[in-house]
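Listing of structure12.cif, mmCIF, C-alpha atoms
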data_structure
#
loop_
_atom_site.label_atom_id
_atom_site.label_comp_id
_atom_site.auth_asym_id
_atom_site.auth_seq_id
_atom_site.Cartn_x
_atom_site.Cartn_y
_atom_site.Cartn_z
CA MET A 1 -16.05 -5.17 55.05
CA GLY A 2 -18.27 -6.24 52.17
CA PRO A 3 -20.58 -3.67 50.55
CA TRP A 4 -19.58 -1.03 53.15
CA ALA A 5 -16.28 -0.68 51.27
CA SER A 6 -18.18 1.25 48.59
CA ASN A 7 -18.07 4.22 50.99
CA LEU A 8 -14.37 4.50 50.20
CA LYS A 9 -15.03 4.97 46.48
CA PHE A 10 -15.29 8.75 46.71
CA ILE A 11 -11.66 8.96 47.86
CA GLY A 12 -10.59 6.99 44.80
CA ASP A 13 -12.80 9.22 42.65
CA ILE A 14 -11.03 12.30 44.03
CA PHE A 15 -7.69 10.77 43.02
CA ILE A 16 -8.98 10.09 39.50
CA ARG A 17 -10.35 13.63 39.20
CA LEU A 18 -7.07 15.16 40.33
CA ILE A 19 -5.38 13.40 37.42
CA GLN A 20 -8.17 14.14 34.95
CA MET A 21 -8.14 17.87 35.68
CA SER A 22 -4.54 18.10 34.43
CA VAL A 23 -4.22 15.44 31.76
CA VAL A 24 -5.69 17.46 28.85
CA LEU A 25 -3.25 20.33 29.42
CA LEU A 26 -0.42 17.83 29.89
CA VAL A 27 -1.17 16.15 26.57
CA MET A 28 -1.65 19.37 24.60
CA SER A 29 1.43 21.13 25.96
CA ALA A 30 3.62 18.03 25.52
CA VAL A 31 2.55 17.49 21.89
CA ALA A 32 2.79 21.18 20.98
CA ALA A 33 6.22 21.50 22.62
CA ALA A 34 7.49 18.33 20.95
CA VAL A 35 6.32 19.48 17.50
CA GLY A 36 7.15 23.18 17.87
CA GLY A 37 10.47 22.65 19.61
CA GLY A 38 12.07 20.60 16.85
CA ASP A 39 12.51 21.04 13.13
CA GLY A 40 9.89 19.88 10.64
CA LYS A 41 12.07 17.05 9.42
CA ASP A 42 12.26 15.51 12.90
CA VAL A 43 8.49 15.86 13.41
CA GLY A 44 7.76 14.26 10.04
CA LYS A 45 10.02 11.32 10.79
CA MET A 46 8.59 10.86 14.28
CA SER A 47 5.03 10.99 12.95
CA PHE A 48 5.71 8.47 10.17
CA HIS A 49 7.42 5.92 12.41
CA THR A 50 4.94 6.42 15.27
CA PHE A 51 1.84 5.81 13.15
CA LYS A 52 3.53 3.00 11.24
CA TRP A 53 3.91 1.00 14.44
CA ILE A 54 0.54 2.08 15.86
CA ILE A 55 -1.30 0.78 12.79
CA GLY A 56 0.75 -2.41 12.60
CA PHE A 57 0.39 -3.37 16.26
CA THR A 58 -3.33 -2.50 16.37
CA LEU A 59 -4.20 -4.57 13.29
CA VAL A 60 -2.33 -7.57 14.68
CA ALA A 61 -4.15 -7.22 18.02
CA ALA A 62 -7.57 -6.94 16.36
CA ALA A 63 -6.92 -9.98 14.15
CA LEU A 64 -5.75 -11.89 17.22
CA GLY A 65 -8.99 -10.98 19.02
CA MET A 66 -11.03 -12.32 16.11
CA GLY A 67 -9.05 -15.57 15.93
CA LEU A 68 -9.30 -16.26 19.67
CA SER A 69 -13.02 -15.38 19.69
CA MET A 70 -13.74 -17.90 16.93
CA LEU A 71 -11.66 -20.53 18.75
CA ILE A 72 -12.82 -19.99 22.35
CA GLN A 73 -16.36 -18.74 21.56
CA PRO A 74 -16.80 -16.80 24.82
CA GLY A 75 -20.46 -15.88 24.16
CA LEU A 76 -21.80 -19.43 24.03
CA GLY A 77 -23.88 -20.38 27.07
CA ILE A 78 -24.02 -16.86 28.50
CA GLU A 79 -27.38 -15.71 29.86
CA ILE A 80 -28.29 -12.16 28.88
CA ALA A 81 -28.87 -9.76 31.79
CA SER A 82 -32.09 -7.91 32.54
CA GLN A 83 -33.56 -5.20 30.33
CA GLU A 84 -33.16 -2.69 33.18
CA ALA A 85 -29.38 -2.94 33.02
CA ILE A 86 -29.43 -2.45 29.26
CA ASN A 87 -31.55 0.69 29.41
CA GLU A 88 -28.86 2.43 31.45
CA THR A 89 -26.55 2.49 28.42
CA GLU A 90 -27.19 5.26 25.92
CA ALA A 91 -27.22 4.21 22.30
CA VAL A 92 -24.67 5.74 19.97
CA SER A 93 -25.71 6.31 16.37
CA ALA A 94 -22.66 8.07 14.95
CA SER A 95 -21.71 6.93 11.46
CA LEU A 96 -18.17 6.06 10.39
CA GLN A 97 -17.86 9.35 8.51
CA GLU A 98 -19.16 11.31 11.50
CA THR A 99 -16.68 9.59 13.81
CA ILE A 100 -13.76 10.58 11.56
CA LEU A 101 -15.18 14.09 11.16
CA ASN A 102 -15.31 14.50 14.94
CA PHE A 103 -11.55 14.00 15.11
CA VAL A 104 -11.28 17.61 13.82
CA PRO A 105 -12.56 20.06 16.44
CA THR A 106 -14.84 22.99 15.71
CA ASN A 107 -14.04 24.46 19.13
CA VAL A 108 -10.90 23.26 20.85
CA ILE A 109 -12.02 24.72 24.19
CA SER A 110 -15.15 22.57 24.02
CA SER A 111 -13.03 19.52 23.17
CA MET A 112 -10.80 20.25 26.17
CA ALA A 113 -13.84 20.56 28.43
CA ASP A 114 -15.26 17.25 27.13
CA GLY A 115 -11.91 15.47 27.48
CA SER A 116 -11.94 14.54 23.77
CA MET A 117 -8.29 13.65 23.31
CA VAL A 118 -7.95 13.24 19.55
CA PRO A 119 -9.43 16.66 18.64
CA CYS A 120 -7.14 18.19 21.26
CA ILE A 121 -4.13 16.40 19.77
CA VAL A 122 -5.08 17.49 16.23
CA PHE A 123 -5.18 21.11 17.41
CA SER A 124 -1.91 20.67 19.35
CA LEU A 125 -0.13 19.25 16.29
CA MET A 126 -1.25 22.20 14.17
CA PHE A 127 -0.40 24.63 16.98
CA GLY A 128 3.06 23.09 17.27
CA VAL A 129 3.71 23.32 13.51
CA ALA A 130 2.52 26.95 13.44
CA MET A 131 4.58 27.73 16.54
CA SER A 132 7.69 26.30 14.85
CA MET A 133 6.99 28.43 11.77
CA TYR A 134 6.58 31.55 13.94
CA THR A 135 9.86 30.88 15.75
CA LYS A 136 11.76 30.44 12.46
CA GLN A 137 10.21 33.56 10.93
CA THR A 138 10.80 35.88 13.89
CA GLY A 139 13.56 34.21 15.92
CA ASN A 140 11.33 34.81 18.94
CA THR A 141 11.05 31.78 21.27
CA ILE A 142 8.65 33.31 23.78
CA VAL A 143 5.68 31.17 22.68
CA THR A 144 7.76 27.98 22.67
CA ASP A 145 9.15 28.79 26.11
CA TRP A 146 5.64 29.53 27.40
CA VAL A 147 4.27 26.18 26.16
CA LYS A 148 7.24 24.30 27.63
CA GLY A 149 6.75 26.16 30.91
CA ILE A 150 3.07 25.17 31.02
CA ASN A 151 4.08 21.54 30.42
CA ALA A 152 6.63 21.67 33.26
CA VAL A 153 4.09 23.17 35.68
CA VAL A 154 1.37 20.63 34.81
CA THR A 155 3.92 17.81 35.13
CA ASN A 156 4.68 19.02 38.67
CA ILE A 157 0.95 19.01 39.48
CA ILE A 158 0.75 15.38 38.33
CA LYS A 159 3.79 14.47 40.43
CA LEU A 160 2.15 16.02 43.52
CA VAL A 161 -1.04 14.05 42.91
CA MET A 162 0.91 10.80 42.42
CA ASN A 163 2.14 11.06 46.02
CA VAL A 164 -1.34 9.91 47.12
CA ALA A 165 -1.65 7.24 44.42
CA PRO A 166 -1.42 4.28 46.86
CA ILE A 167 -4.38 5.64 48.85
CA GLY A 168 -6.45 6.36 45.75
CA ILE A 169 -5.77 2.96 44.20
CA PHE A 170 -6.52 1.20 47.51
CA CYS A 171 -9.93 2.88 47.73
CA LEU A 172 -10.79 2.06 44.12
CA LEU A 173 -9.93 -1.61 44.60
CA ALA A 174 -11.71 -1.81 47.96
CA ASN A 175 -14.93 -0.57 46.35
CA VAL A 176 -14.80 -3.15 43.54
CA ALA A 177 -13.92 -6.07 45.82
CA GLY A 178 -16.39 -5.11 48.56
CA ALA A 179 -19.41 -3.96 46.59
CA THR A 180 -19.22 -6.25 43.57
CA GLY A 181 -17.27 -9.28 44.74
CA PHE A 182 -15.44 -11.86 42.71
CA LYS A 183 -18.64 -13.67 41.72
CA VAL A 184 -18.91 -11.21 38.83
CA ILE A 185 -16.01 -12.99 37.09
CA ILE A 186 -17.67 -16.41 36.94
CA PRO A 187 -20.18 -15.82 34.07
CA MET A 188 -17.50 -14.18 31.98
CA LEU A 189 -14.50 -16.35 32.79
CA LYS A 190 -14.07 -17.36 29.15
CA PHE A 191 -14.17 -13.75 27.94
CA LEU A 192 -11.63 -12.63 30.52
CA GLY A 193 -9.52 -15.70 29.82
CA LEU A 194 -9.54 -14.80 26.14
CA LEU A 195 -8.19 -11.33 26.94
CA LEU A 196 -5.51 -12.79 29.20
CA ILE A 197 -4.39 -15.29 26.55
CA GLY A 198 -4.44 -12.54 23.92
CA ASP A 199 -2.29 -10.25 26.08
CA ALA A 200 0.21 -13.06 26.66
CA ILE A 201 0.44 -13.77 22.92
CA GLN A 202 0.93 -10.08 22.15
CA PHE A 203 3.76 -9.87 24.68
CA ILE A 204 5.36 -12.96 23.17
CA LEU A 205 5.13 -11.41 19.70
CA PHE A 206 5.85 -7.73 20.33
CA THR A 207 8.48 -7.74 23.10
CA PRO A 208 11.13 -9.87 21.31
CA LEU A 209 10.47 -7.90 18.10
CA THR A 210 11.06 -4.59 19.91
CA ALA A 211 14.16 -5.88 21.70
CA ALA A 212 15.64 -7.19 18.45
CA LEU A 213 15.00 -4.03 16.43
CA CYS A 214 16.23 -1.77 19.26
CA LYS A 215 19.21 -4.03 20.00
CA VAL A 216 18.50 -4.22 23.76
CA ASN A 217 18.44 -7.07 26.27
CA LEU A 218 15.01 -8.74 26.11
CA PHE A 219 15.26 -10.13 29.64
CA LYS A 220 15.68 -6.69 31.23
CA MET A 221 12.38 -5.44 29.83
CA PRO A 222 9.84 -7.16 32.17
CA LYS A 223 11.30 -5.50 35.28
CA LYS A 224 11.22 -2.10 33.60
CA PHE A 225 7.53 -2.59 32.73
CA ALA A 226 6.58 -3.56 36.30
CA LYS A 227 5.61 -0.14 37.74
CA MET A 228 3.49 1.07 34.83
CA SER A 229 1.92 -2.38 34.44
CA MET A 230 0.77 -2.37 38.06
CA MET A 231 -0.73 1.10 37.62
CA ALA A 232 -2.46 -0.02 34.41
CA ILE A 233 -4.03 -3.03 36.13
CA THR A 234 -5.24 -1.10 39.17
CA THR A 235 -6.46 2.14 37.54
CA THR A 236 -7.62 0.70 34.16
CA SER A 237 -6.84 4.11 32.64
CA GLY A 238 -4.19 4.98 30.07
CA ALA A 239 -4.58 8.67 30.97
CA ILE A 240 -3.82 8.05 34.63
CA CYS A 241 -0.74 6.02 33.63
CA LEU A 242 0.50 8.63 31.14
CA PRO A 243 2.85 10.57 33.47
CA THR A 244 4.43 7.39 34.85
CA LYS A 245 4.73 5.88 31.38
CA MET A 246 6.47 8.93 29.92
CA GLU A 247 8.85 9.24 32.87
CA ASP A 248 9.79 5.53 32.73
CA GLU A 249 10.34 5.72 28.97
CA VAL A 250 13.06 8.29 29.58
CA THR A 251 14.58 7.09 32.87
CA LYS A 252 14.34 3.30 32.44
CA PHE A 253 14.16 2.56 28.72
CA GLY A 254 16.50 5.29 27.45
CA VAL A 255 14.02 7.03 25.13
CA SER A 256 14.89 10.70 24.64
CA ARG A 257 12.64 13.33 26.23
CA LYS A 258 11.81 14.70 22.76
CA VAL A 259 10.52 11.35 21.49
CA ALA A 260 8.76 10.48 24.76
CA ASP A 261 6.88 13.80 24.79
CA PHE A 262 5.80 13.28 21.19
CA THR A 263 4.88 9.59 21.20
CA GLY A 264 3.55 9.34 24.78
CA PRO A 265 0.31 11.36 24.42
CA ILE A 266 -0.33 10.19 20.84
CA THR A 267 0.03 6.50 21.69
CA MET A 268 -2.16 6.96 24.77
CA SER A 269 -5.08 8.00 22.55
CA MET A 270 -4.35 6.08 19.36
CA ASN A 271 -2.26 2.99 20.16
CA SER A 272 -4.71 0.68 21.91
CA CYS A 273 -3.74 -2.90 21.18
CA GLY A 274 -5.46 -4.22 24.29
CA ALA A 275 -8.62 -2.25 23.47
CA ALA A 276 -8.66 -3.36 19.81
CA GLN A 277 -8.42 -7.00 20.87
CA CYS A 278 -11.11 -6.49 23.54
CA TYR A 279 -13.55 -4.68 21.23
CA VAL A 280 -13.32 -7.36 18.54
CA ALA A 281 -13.83 -10.05 21.21
CA ALA A 282 -16.83 -8.08 22.56
CA ILE A 283 -18.41 -7.98 19.10
CA PHE A 284 -18.04 -11.74 18.71
CA PHE A 285 -19.30 -12.25 22.27
CA MET A 286 -22.41 -10.17 21.57
CA ALA A 287 -23.08 -12.11 18.38
CA GLN A 288 -22.50 -15.51 19.99
CA ALA A 289 -24.55 -14.66 23.08
CA THR A 290 -27.56 -13.82 20.92
CA GLY A 291 -27.16 -16.64 18.40
CA ILE A 292 -26.15 -14.48 15.43
CA SER A 293 -23.71 -15.83 12.83
CA MET A 294 -21.47 -13.03 11.60
CA THR A 295 -20.87 -12.62 7.88
CA PRO A 296 -17.37 -12.08 6.45
CA TYR A 297 -18.34 -8.44 5.87
CA GLN A 298 -19.32 -8.04 9.54
CA MET A 299 -16.04 -9.66 10.61
CA GLY A 300 -14.07 -7.23 8.47
CA MET A 301 -16.08 -4.30 9.80
CA ALA A 302 -15.53 -5.59 13.35
CA ILE A 303 -11.76 -5.21 12.90
CA LEU A 304 -12.04 -1.85 11.10
CA LEU A 305 -14.45 -0.28 13.59
CA SER A 306 -12.58 -1.66 16.61
CA CYS A 307 -9.32 -0.15 15.35
CA LEU A 308 -11.08 3.13 14.59
CA MET A 309 -12.68 3.26 18.04
CA CYS A 310 -9.24 2.89 19.59
CA MET A 311 -8.24 6.18 17.99
CA GLY A 312 -9.97 8.73 20.15
CA THR A 313 -11.52 6.72 22.95
CA ILE A 314 -11.32 8.76 26.16
CA SER A 315 -8.69 6.96 28.22
CA VAL A 316 -10.52 6.84 31.53
CA PRO A 317 -12.24 3.94 33.30
CA GLY A 318 -15.67 3.09 31.87
CA GLY A 319 -15.22 4.72 28.45
CA SER A 320 -15.56 1.35 26.71
CA LEU A 321 -19.29 1.13 27.49
CA VAL A 322 -20.09 3.78 24.90
CA VAL A 323 -17.84 1.95 22.44
CA TYR A 324 -19.69 -1.35 23.03
CA THR A 325 -22.96 0.40 22.23
CA PHE A 326 -21.53 2.04 19.11
CA LEU A 327 -20.19 -1.29 17.83
CA ALA A 328 -23.46 -3.15 18.50
CA SER A 329 -25.48 -0.44 16.73
CA SER A 330 -23.09 -0.23 13.78
CA LEU A 331 -23.06 -3.99 13.17
CA GLY A 332 -26.76 -4.61 13.78
CA LEU A 333 -26.26 -6.65 16.96
CA PRO A 334 -28.90 -6.63 19.74
CA LEU A 335 -28.10 -4.09 22.44
CA GLU A 336 -29.30 -6.57 25.09
CA SER A 337 -25.96 -8.37 24.96
CA ILE A 338 -24.11 -5.27 26.19
CA ALA A 339 -25.47 -5.65 29.72
CA VAL A 340 -23.36 -8.76 30.37
CA LEU A 341 -20.20 -6.92 29.33
CA ILE A 342 -21.04 -4.00 31.61
CA GLY A 343 -20.89 -6.21 34.69
CA ILE A 344 -17.24 -7.17 34.24
CA ASP A 345 -15.92 -4.19 32.33
CA TRP A 346 -13.64 -3.16 35.19
CA PHE A 347 -11.87 -6.53 35.01
CA ALA A 348 -11.72 -6.43 31.20
CA GLY A 349 -10.27 -2.94 31.54
CA MET A 350 -7.30 -4.35 33.43
CA PHE A 351 -6.28 -6.48 30.44
CA ARG A 352 -7.01 -3.70 27.93
CA THR A 353 -5.01 -1.04 29.75
CA LEU A 354 -2.09 -3.34 30.58
CA MET A 355 -1.51 -4.06 26.90
CA ASN A 356 -2.20 -0.49 25.80
CA VAL A 357 0.34 1.08 28.17
CA ASP A 358 3.15 -1.42 27.68
CA VAL A 359 2.91 -1.38 23.89
CA ASP A 360 2.91 2.45 24.00
CA VAL A 361 6.42 2.22 25.43
CA MET A 362 7.47 -0.27 22.76
CA VAL A 363 6.33 2.18 20.08
CA GLY A 364 8.36 4.92 21.77
CA MET A 365 11.43 2.66 21.85
CA LEU A 366 11.09 1.71 18.18
CA VAL A 367 10.70 5.33 17.09
CA ALA A 368 13.62 6.47 19.27
CA SER A 369 15.83 3.67 17.97
CA LYS A 370 15.06 4.57 14.34
CA LEU A 371 15.89 8.24 14.96
CA GLY A 372 19.03 7.54 17.01
CA GLU A 373 17.31 8.86 20.15
CA LEU A 374 17.57 5.65 22.25
CA ASP A 375 20.26 5.75 24.95
CA HIS A 376 21.46 2.17 25.49
CA ASP A 377 23.50 3.19 28.55
CA VAL A 378 20.31 4.28 30.29
CA PHE A 379 18.55 1.05 29.31
CA ASP A 380 21.50 -1.00 30.57
CA GLU A 381 21.51 1.06 33.81
CA LYS A 382 25.05 2.30 33.23
CA LYS A 383 23.88 5.88 33.74
CA THR A 384 20.83 7.66 35.11
CA VAL A 385 18.81 10.54 33.69
CA GLN A 386 15.94 12.66 34.99
CA TYR A 387 12.66 13.28 33.14
#
Show how you would write the structure in this file as structure tokens.
Amino acid sequence: MGPWASNLKFIGDIFIRLIQMSVVLLVMSAVAAAVGGGDGKDVGKMSFHTFKWIIGFTLVAAALGMGLSMLIQPGLGIEIASQEAINETEAVSASLQETILNFVPTNVISSMADGSMVPCIVFSLMFGVAMSMYTKQTGNTIVTDWVKGINAVVTNIIKLVMNVAPIGIFCLLANVAGATGFKVIIPMLKFLGLLLIGDAIQFILFTPLTAALCKVNLFKMPKKFAKMSMMAITTTSGAICLPTKMEDEVTKFGVSRKVADFTGPITMSMNSCGAAQCYVAAIFFMAQATGISMTPYQMGMAILLSCLMCMGTISVPGGSLVVYTFLASSLGLPLESIAVLIGIDWFAGMFRTLMNVDVDVMVGMLVASKLGELDHDVFDEKKTVQY
């Protein structure tokens, strides 16, 4: 159908909006219930092991992105797009301190309205801790029950919306293939190839490590990842994949509901191995495309800022464009180079989201295994459980 297929985009947009309207409440209620429903010792252990693996995996991914960028040099020979395309992207001038400061909300309602996940999670963690204190002091579980009830209702809304997922995904893909065409890949084949190679290396590194530490069969894992991986590739959104990811963690991988509800939303916003690798590669691409040699300081800042930007990026399609602009401004790179990345960001998003979502589950498995909350019978398909 060619460009006419873009007329189907609004149906895909409706599907995305139906998910987006519920995801903030889903995240906040899940985190608050997970923190407030258990004892402080459990929450402390879950937090320590969750962030330990998030930081470790993200640093490895960012370093891998730097190494592959220096080896493949994706920016060499790329022609910068027109100034008109560049002007459409708004510059971001936030400093490192301001970025960290913005993780703490001044108005959680405003953060919810803006879809700012990390401020919402910070509030939810504190709400959960305070809720647990209130329950212990009074013996009254009404607040805890209310939060868990909200989570159950929002989960049912998501499940209803997911019934039309095939139609929504079809319309999104039809728009990209019909209106843009595959010619958009050609100028950036090296960049996309770098992301593909990086994802493959991360799988080769992380999957056997997870299987060994969790004492599960490595060869059963690819099949269990199939459903969420397909959703990640087609929607390019960690938020859209969140309900499926959390359900599969419990029903396919044997992670307990308590751990899945705690690690699922946090890893969605903060564990972004695919994004860290992509952002570092984008920095090197922008430098190479404009003939700039990066200093060791800039390389170190590239890894630091890319990892930082992964913690709090809104997990919806297209959010990386603001990040590209922030990184270019922060490292003194010409904004003109961003325009080339804009053209193929949807395809780059496939590789980013695929790695983000699958590694989220690995983090959940590692945390559950450490806390004795991993059911090997469920993983080995000897019994079934419901989420």
- Task: Tell me which protein, DNA and RNA residues are within 9 Å of stretch 350-357 of chain A, counting all atoms listed in the file, leaving out same-chain ones fewer than 4 positions away, and put them as a PyMOL selection string.
- Result: chain A and resi 192+195-196+199+202-203+228-238+241-242+245+267-268+271-278+315+345-346+361
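Taken over the shown file, the PyMOL selection byres ((chain A and resi 376) around 9) identifies Lys215, Val216, Phe253, Gly254, Val255, Leu374, Asp375, Asp377, Val378, Phe379, Asp380, Glu381 and Lys382 of chain A.
Taken over the shown file, the PyMOL selection byres ((chain A and resi 251) around 7) identifies Glu247, Asp248, Glu249, Val250, Lys252, Phe253, Gly254, Val378, Thr384, Val385, Gln386 and Tyr387 of chain A.
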- Message: Using the chain letters and numbers from this file, what does the PyMOL selection byres ((chain A and resi 122-134) around 6) select? Give the answer as a ChimeraX atom specification.
- Response: /A:28,32,35-36,119-121,135-137
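Between atom CA of A:Leu305 and atom CA of A:Ala63 lies a distance of 12.3 Å.
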- Message: Quick check, in Å to one decimal: how far apart do atom CA of A:Val154 and atom CA of A:Leu366 lie?
- Response: 27.0 Å
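What separates atom CA of A:Ile266 from atom CA of A:Lys220 is a distance of 25.5 Å.
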- Task: Excluding A:Ile292 and residues on its chain fewer than 6 positions from it, collect all residues at most 10 Å away from it, counting only C-alpha atoms, and give them as a ChimeraX atom specification.
- Result: /A:284-286,333-334
- Hey, can you pull every residue with an atom no more than 6 Å from (-11.3, 15.5, 27.2), using all atoms listed in the file, and send it as a ChimeraX atom specification? /A:111-117
- Task: May I have the residues within 10 Å of A:Met294 as a ChimeraX atom specification, using all atoms listed in the file and disregarding those fewer than 5 positions away in the same chain?
- Result: /A:283-284,287-288,299-300,302,331,333
- Counting only C-alpha atoms, closest pick from A:Leu341, A:Val367, A:Leu172, A:Ala260 relative to A:Ala328 is A:Leu341
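Minimum atom-to-atom distance to A:Ala61, evaluated using all atoms listed in the file, belongs to A:Ile201 out of A:Leu371, A:Ala348, A:Ile201, A:Leu209.
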- Which of these residues is nearest to A:Pro243, using all atoms listed in the file: A:Lys9, A:Lys159, A:Lys383, A:Lys45? A:Lys159
So for stretch 280-291 of chain A, what box centre and size do we get, axis-aligned, 8 Å extra on each of the six sides, every listed atom, Å to one decimal, as lines of an AutoDock Vina configuration file?
center_x = -20.4
center_y = -12.0
center_z = 20.7
size_x = 30.2
size_y = 25.3
size_z = 20.7
Can you pull stretch 216-232 of chain A out of that block with N, CA and C atoms and hand it back as an mmCIF file, in the first residue's frame?
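Writing done, so here's decode.cif:
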data_model
loop_
_atom_site.group_PDB
_atom_site.id
_atom_site.type_symbol
_atom_site.label_atom_id
_atom_site.label_comp_id
_atom_site.auth_asym_id
_atom_site.auth_seq_id
_atom_site.Cartn_x
_atom_site.Cartn_y
_atom_site.Cartn_z
ATOM 1 N N VAL A 216 19.632 -23.120 36.620
ATOM 2 C CA VAL A 216 18.547 -23.530 35.726
ATOM 3 C C VAL A 216 19.139 -23.947 34.380
ATOM 4 N N ASN A 217 18.317 -24.588 33.577
ATOM 5 C CA ASN A 217 18.745 -25.087 32.266
ATOM 6 C C ASN A 217 18.853 -23.927 31.282
ATOM 7 N N LEU A 218 20.069 -23.639 30.831
ATOM 8 C CA LEU A 218 20.324 -22.540 29.898
ATOM 9 C C LEU A 218 19.511 -22.670 28.615
ATOM 10 N N PHE A 219 19.365 -23.895 28.116
ATOM 11 C CA PHE A 219 18.756 -24.099 26.803
ATOM 12 C C PHE A 219 17.234 -23.950 26.811
ATOM 13 N N LYS A 220 16.632 -23.861 27.990
ATOM 14 C CA LYS A 220 15.189 -23.617 28.073
ATOM 15 C C LYS A 220 14.857 -22.125 28.052
ATOM 16 N N MET A 221 15.867 -21.285 28.242
ATOM 17 C CA MET A 221 15.615 -19.859 28.391
ATOM 18 C C MET A 221 15.174 -19.160 27.101
ATOM 19 N N PRO A 222 15.782 -19.448 25.925
ATOM 20 C CA PRO A 222 15.373 -18.729 24.712
ATOM 21 C C PRO A 222 13.883 -18.828 24.409
ATOM 22 N N LYS A 223 13.300 -20.016 24.572
ATOM 23 C CA LYS A 223 11.868 -20.193 24.302
ATOM 24 C C LYS A 223 11.021 -19.361 25.259
ATOM 25 N N LYS A 224 11.456 -19.267 26.513
ATOM 26 C CA LYS A 224 10.706 -18.501 27.504
ATOM 27 C C LYS A 224 10.771 -17.002 27.218
ATOM 28 N N PHE A 225 11.848 -16.555 26.573
ATOM 29 C CA PHE A 225 11.999 -15.141 26.233
ATOM 30 C C PHE A 225 11.218 -14.751 24.978
ATOM 31 N N ALA A 226 10.734 -15.728 24.201
ATOM 32 C CA ALA A 226 10.212 -15.466 22.860
ATOM 33 C C ALA A 226 9.083 -14.426 22.832
ATOM 34 N N LYS A 227 8.070 -14.592 23.689
ATOM 35 C CA LYS A 227 6.899 -13.711 23.641
ATOM 36 C C LYS A 227 7.255 -12.264 23.948
ATOM 37 N N MET A 228 7.970 -12.046 25.053
ATOM 38 C CA MET A 228 8.319 -10.676 25.426
ATOM 39 C C MET A 228 9.322 -10.070 24.444
ATOM 40 N N SER A 229 10.181 -10.898 23.860
ATOM 41 C CA SER A 229 11.143 -10.397 22.880
ATOM 42 C C SER A 229 10.432 -9.907 21.629
ATOM 43 N N MET A 230 9.415 -10.632 21.183
ATOM 44 C CA MET A 230 8.652 -10.207 20.015
ATOM 45 C C MET A 230 7.926 -8.892 20.299
ATOM 46 N N MET A 231 7.355 -8.762 21.476
ATOM 47 C CA MET A 231 6.691 -7.511 21.841
ATOM 48 C C MET A 231 7.691 -6.362 21.901
ATOM 49 N N ALA A 232 8.880 -6.627 22.436
ATOM 50 C CA ALA A 232 9.905 -5.587 22.542
ATOM 51 C C ALA A 232 10.318 -5.087 21.161
#
